[in-house]
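Peer 1: My questions all concern the structure below.
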Amino acid sequence: MSLGAIVVAVEGIESLPDLDAMTPAIERAARQAVNAATDRGLTWSSEEIRKQVNFPASYLRGQDSRLKVVKRAKGSDLESVIRGRFEPTSLARFATGTRKQHRKAGGVTLEIKPGSATFMRRAFLVGLQAGDPAVRNLKNVGLAIRMPRGQRPSAAYKPRPFGDNLWLLYGPSVDQVFRTVAPDVEPRVSAYLDREFRRLLERENA
């Protein structure tokens with residue numbers, strides 16, 4: 001385990017012989033087990049993260065996933081790494097209802113924690129210019145709030161200035177939530193790694 005990541009390595013295989021005594025078959029089984037455990041860990045981590053924060057399922061899978069394998073075991077390097085994106089998440093991602101409903105209500109309802117809605121008075125969805133380095137990758141929609149001159153929103157919303165007295169609001173990053181679930185996922189990954197290695201080694205020796 002490392003800060004903000006799950007590291008899957010051969011050290012988690014209890015039955016692994018001394019590295020100097022590893023045969024090509026043992027190394028191959030270990031490498032395959034590490035990568036299989038990594039894929040399983042990615043799935044488990046995604047499931048646990050979505051129990052904590054209401055990220056869309058598509059946010060944590062596919063080519064644009066904010067949670068991904070950044071390193072896979074390859075050759076004699078028997079280590080892989082899962083890491084979450086560090087950038088905070090636009091609160092617009094958690095907005096419920098339509099813009100018409102928001103205008104009528106005078107604010108936006110957010111569901112950041114699954115099953116728990118929060119109404120943010122005076123907040124509104126705003127279109128963003130594509131290519132703005134401060135807001136790219138947000139699909140051109142942000143959640144904004146106008147504050148009295150000289151004031152800023154609570155630091156809990158990770159505000160960024162956006163025009164005259166306007167602030168864009170953000171919630172937790174995938175990395176931030178990943179850190180809270182990783183200690184629970186890591187033992188499951190290690191146990192799976194050891195089982196999978198034993199299974200693959202038996203197949204190699206069959």
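To be explicit about the labels: the chains of the structure tokens are called A, B, and onward in the order shown, and within each one the residues are counted from 1, while ligands get numbers from 1 in the order they are shown.
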Run DSSP on the backbone of this structure and report the residues of region 30-185 of chain A it assigns to alpha helix (DSSP H), as a compact mmCIF listing (two decimals) with N, CA and C atoms, in the first residue's frame.

Peer 2:
```txt
# COMPACT_ATOMS: atom_id res chain seq x y z
N ALA A 30 3.19 -15.92 -10.95
CA ALA A 30 3.15 -14.76 -10.05
C ALA A 30 2.71 -13.50 -10.80
N ARG A 31 3.26 -13.30 -11.99
CA ARG A 31 2.91 -12.12 -12.79
C ARG A 31 1.42 -12.13 -13.15
N GLN A 32 0.91 -13.27 -13.58
CA GLN A 32 -0.50 -13.37 -13.94
C GLN A 32 -1.39 -13.17 -12.71
N ALA A 33 -0.96 -13.68 -11.56
CA ALA A 33 -1.74 -13.53 -10.33
C ALA A 33 -1.80 -12.08 -9.89
N VAL A 34 -0.66 -11.38 -10.00
CA VAL A 34 -0.62 -9.96 -9.63
C VAL A 34 -1.59 -9.16 -10.50
N ASN A 35 -1.57 -9.39 -11.79
CA ASN A 35 -2.45 -8.63 -12.68
C ASN A 35 -3.92 -8.99 -12.48
N ALA A 36 -4.19 -10.28 -12.22
CA ALA A 36 -5.58 -10.69 -11.96
C ALA A 36 -6.09 -10.06 -10.66
N ALA A 37 -5.24 -10.05 -9.63
CA ALA A 37 -5.63 -9.44 -8.35
C ALA A 37 -5.82 -7.94 -8.50
N THR A 38 -5.04 -7.32 -9.36
CA THR A 38 -5.17 -5.89 -9.61
C THR A 38 -6.53 -5.58 -10.24
N ASP A 39 -6.91 -6.37 -11.23
CA ASP A 39 -8.22 -6.16 -11.87
C ASP A 39 -9.35 -6.36 -10.88
N ARG A 40 -9.22 -7.38 -10.03
CA ARG A 40 -10.24 -7.61 -9.02
C ARG A 40 -10.28 -6.46 -8.01
N GLY A 41 -9.11 -5.97 -7.63
CA GLY A 41 -9.03 -4.85 -6.70
C GLY A 41 -9.64 -3.58 -7.27
N LEU A 42 -9.46 -3.37 -8.58
CA LEU A 42 -10.05 -2.21 -9.24
C LEU A 42 -11.57 -2.26 -9.16
N THR A 43 -12.13 -3.43 -9.41
CA THR A 43 -13.59 -3.59 -9.33
C THR A 43 -14.09 -3.39 -7.91
N TRP A 44 -13.44 -4.02 -6.95
CA TRP A 44 -13.87 -3.87 -5.56
C TRP A 44 -13.75 -2.43 -5.08
N SER A 45 -12.66 -1.77 -5.46
CA SER A 45 -12.47 -0.38 -5.03
C SER A 45 -13.56 0.52 -5.61
N SER A 46 -13.88 0.32 -6.88
CA SER A 46 -14.94 1.11 -7.52
C SER A 46 -16.26 0.92 -6.79
N GLU A 47 -16.59 -0.32 -6.44
CA GLU A 47 -17.84 -0.59 -5.73
C GLU A 47 -17.87 0.09 -4.37
N GLU A 48 -16.76 0.04 -3.65
CA GLU A 48 -16.71 0.64 -2.31
C GLU A 48 -16.74 2.16 -2.39
N ILE A 49 -16.08 2.73 -3.38
CA ILE A 49 -16.09 4.18 -3.55
C ILE A 49 -17.51 4.67 -3.79
N ARG A 50 -18.27 3.97 -4.63
CA ARG A 50 -19.63 4.40 -4.95
C ARG A 50 -20.59 4.20 -3.80
N LYS A 51 -20.22 3.40 -2.81
CA LYS A 51 -21.02 3.31 -1.59
C LYS A 51 -20.84 4.57 -0.74
N GLN A 52 -19.68 5.21 -0.89
CA GLN A 52 -19.38 6.40 -0.09
C GLN A 52 -19.81 7.69 -0.78
N ARG A 99 -32.72 22.12 -14.71
CA ARG A 99 -32.40 23.53 -14.47
C ARG A 99 -33.65 24.33 -14.16
N LYS A 100 -34.77 23.97 -14.80
CA LYS A 100 -36.02 24.66 -14.52
C LYS A 100 -36.42 24.47 -13.07
N GLN A 101 -36.27 23.27 -12.56
CA GLN A 101 -36.58 23.00 -11.15
C GLN A 101 -35.64 23.76 -10.23
N HIS A 102 -34.38 23.87 -10.63
CA HIS A 102 -33.41 24.60 -9.82
C HIS A 102 -33.78 26.08 -9.71
N ARG A 103 -34.14 26.66 -10.86
CA ARG A 103 -34.50 28.09 -10.86
C ARG A 103 -35.73 28.34 -10.00
N LYS A 104 -36.69 27.45 -10.07
CA LYS A 104 -37.92 27.60 -9.29
C LYS A 104 -37.64 27.47 -7.80
N ALA A 105 -36.71 26.56 -7.45
CA ALA A 105 -36.41 26.31 -6.04
C ALA A 105 -35.43 27.33 -5.46
N VAL A 174 -11.65 11.52 -6.58
CA VAL A 174 -11.69 10.06 -6.51
C VAL A 174 -10.56 9.56 -5.61
N ASP A 175 -9.40 10.17 -5.71
CA ASP A 175 -8.27 9.78 -4.86
C ASP A 175 -8.61 9.93 -3.38
N GLN A 176 -9.29 11.01 -3.03
CA GLN A 176 -9.63 11.27 -1.63
C GLN A 176 -10.54 10.17 -1.08
N VAL A 177 -11.53 9.75 -1.87
CA VAL A 177 -12.43 8.70 -1.42
C VAL A 177 -11.72 7.34 -1.46
N PHE A 178 -10.89 7.16 -2.47
CA PHE A 178 -10.14 5.91 -2.60
C PHE A 178 -9.30 5.64 -1.36
N ARG A 179 -8.72 6.69 -0.80
CA ARG A 179 -7.90 6.51 0.40
C ARG A 179 -8.71 5.98 1.57
N THR A 180 -9.99 6.33 1.63
CA THR A 180 -10.81 5.87 2.75
C THR A 180 -11.23 4.41 2.60
N VAL A 181 -11.32 3.90 1.37
CA VAL A 181 -11.77 2.52 1.17
C VAL A 181 -10.60 1.56 0.96
N ALA A 182 -9.44 2.07 0.57
CA ALA A 182 -8.30 1.20 0.25
C ALA A 182 -7.90 0.29 1.41
N PRO A 183 -7.89 0.75 2.68
CA PRO A 183 -7.50 -0.16 3.76
C PRO A 183 -8.42 -1.37 3.91
N ASP A 184 -9.68 -1.22 3.52
CA ASP A 184 -10.61 -2.35 3.59
C ASP A 184 -10.47 -3.27 2.37
N VAL A 185 -10.10 -2.70 1.23
CA VAL A 185 -9.99 -3.48 0.00
C VAL A 185 -8.67 -4.25 -0.05
```

Peer 1: Taking the chain letters and numbering used in this document, name the residues of region 98-203 of chain A that DSSP puts in strand (DSSP E), as an MDAnalysis selection string.

Peer 2: chainID A and resid 107:113 116:121 123:127 141:146 160:161 166:168 170:171

Peer 1: Can you write just those residues out, C-alpha atoms, as an mmCIF file, in the first residue's frame?

Peer 2:
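As written to disk, again-v9.cif reads:
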```cif
data_model
loop_
_atom_site.group_PDB
_atom_site.id
_atom_site.type_symbol
_atom_site.label_atom_id
_atom_site.label_comp_id
_atom_site.auth_asym_id
_atom_site.auth_seq_id
_atom_site.Cartn_x
_atom_site.Cartn_y
_atom_site.Cartn_z
ATOM 1 C CA GLY A 107 -30.940 26.524 -5.528
ATOM 2 C CA VAL A 108 -29.698 23.072 -6.461
ATOM 3 C CA THR A 109 -30.279 19.739 -4.765
ATOM 4 C CA LEU A 110 -27.162 17.579 -4.577
ATOM 5 C CA GLU A 111 -26.840 13.891 -3.807
ATOM 6 C CA ILE A 112 -23.187 13.496 -2.919
ATOM 7 C CA LYS A 113 -23.663 10.617 -0.496
ATOM 8 C CA SER A 116 -28.810 11.589 1.096
ATOM 9 C CA ALA A 117 -29.894 14.832 -0.595
ATOM 10 C CA THR A 118 -28.624 18.309 0.298
ATOM 11 C CA PHE A 119 -30.165 21.565 -0.903
ATOM 12 C CA MET A 120 -27.678 24.322 -1.722
ATOM 13 C CA ARG A 121 -29.455 27.665 -1.709
ATOM 14 C CA ALA A 123 -26.356 27.657 -6.266
ATOM 15 C CA PHE A 124 -26.946 27.177 -9.983
ATOM 16 C CA LEU A 125 -25.561 25.225 -12.917
ATOM 17 C CA VAL A 126 -23.460 27.227 -15.331
ATOM 18 C CA GLY A 127 -22.061 26.529 -18.771
ATOM 19 C CA VAL A 141 -21.104 22.282 -16.836
ATOM 20 C CA GLY A 142 -20.198 23.508 -13.363
ATOM 21 C CA LEU A 143 -21.970 24.361 -10.128
ATOM 22 C CA ALA A 144 -21.579 28.019 -9.204
ATOM 23 C CA ILE A 145 -22.648 30.353 -6.440
ATOM 24 C CA ARG A 146 -22.516 34.141 -6.193
ATOM 25 C CA ARG A 160 -12.426 28.389 -7.417
ATOM 26 C CA PRO A 161 -13.077 31.959 -8.570
ATOM 27 C CA LEU A 166 -18.805 33.927 -8.693
ATOM 28 C CA TRP A 167 -17.268 30.700 -7.465
ATOM 29 C CA LEU A 168 -17.240 27.202 -8.928
ATOM 30 C CA TYR A 170 -16.135 21.141 -6.003
ATOM 31 C CA GLY A 171 -16.413 18.009 -3.919
#
```

Peer 1: Rank nothing, just name the residue among A:Ile26, A:Pro56, A:Asn140, A:Val8 nearest to Arg83 (chain A), using only C-alpha atoms.

Peer 2: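 That would be A:Val8, the residue with the smallest distance to Arg83 (chain A).
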
Peer 1: From the set A:Val10, A:Leu78, A:Ala29, A:Ala73, which residue has the shortest atom-to-atom contact distance to Arg198 (chain A), counting only C-alpha atoms?

Peer 2: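 Closest to Arg198 (chain A), using only C-alpha atoms: A:Ala29.
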
Peer 1: Leaving out Ala156 (chain A) and any residue of its chain fewer than 3 positions from it, which residues lie within 12 Å of it when counting only C-alpha atoms, given as JSON, numbers by chain?

Peer 2: {"A": [88, 91, 152, 153, 159, 160, 169, 170, 171, 172]}

Peer 1: Could you tell me how far CA of Ser80 (chain A) sits from CA of Leu60 (chain A), in Å to one decimal place?

Peer 2: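 Separation of CA of Leu60 (chain A) and CA of Ser80 (chain A): 18.2 Å.
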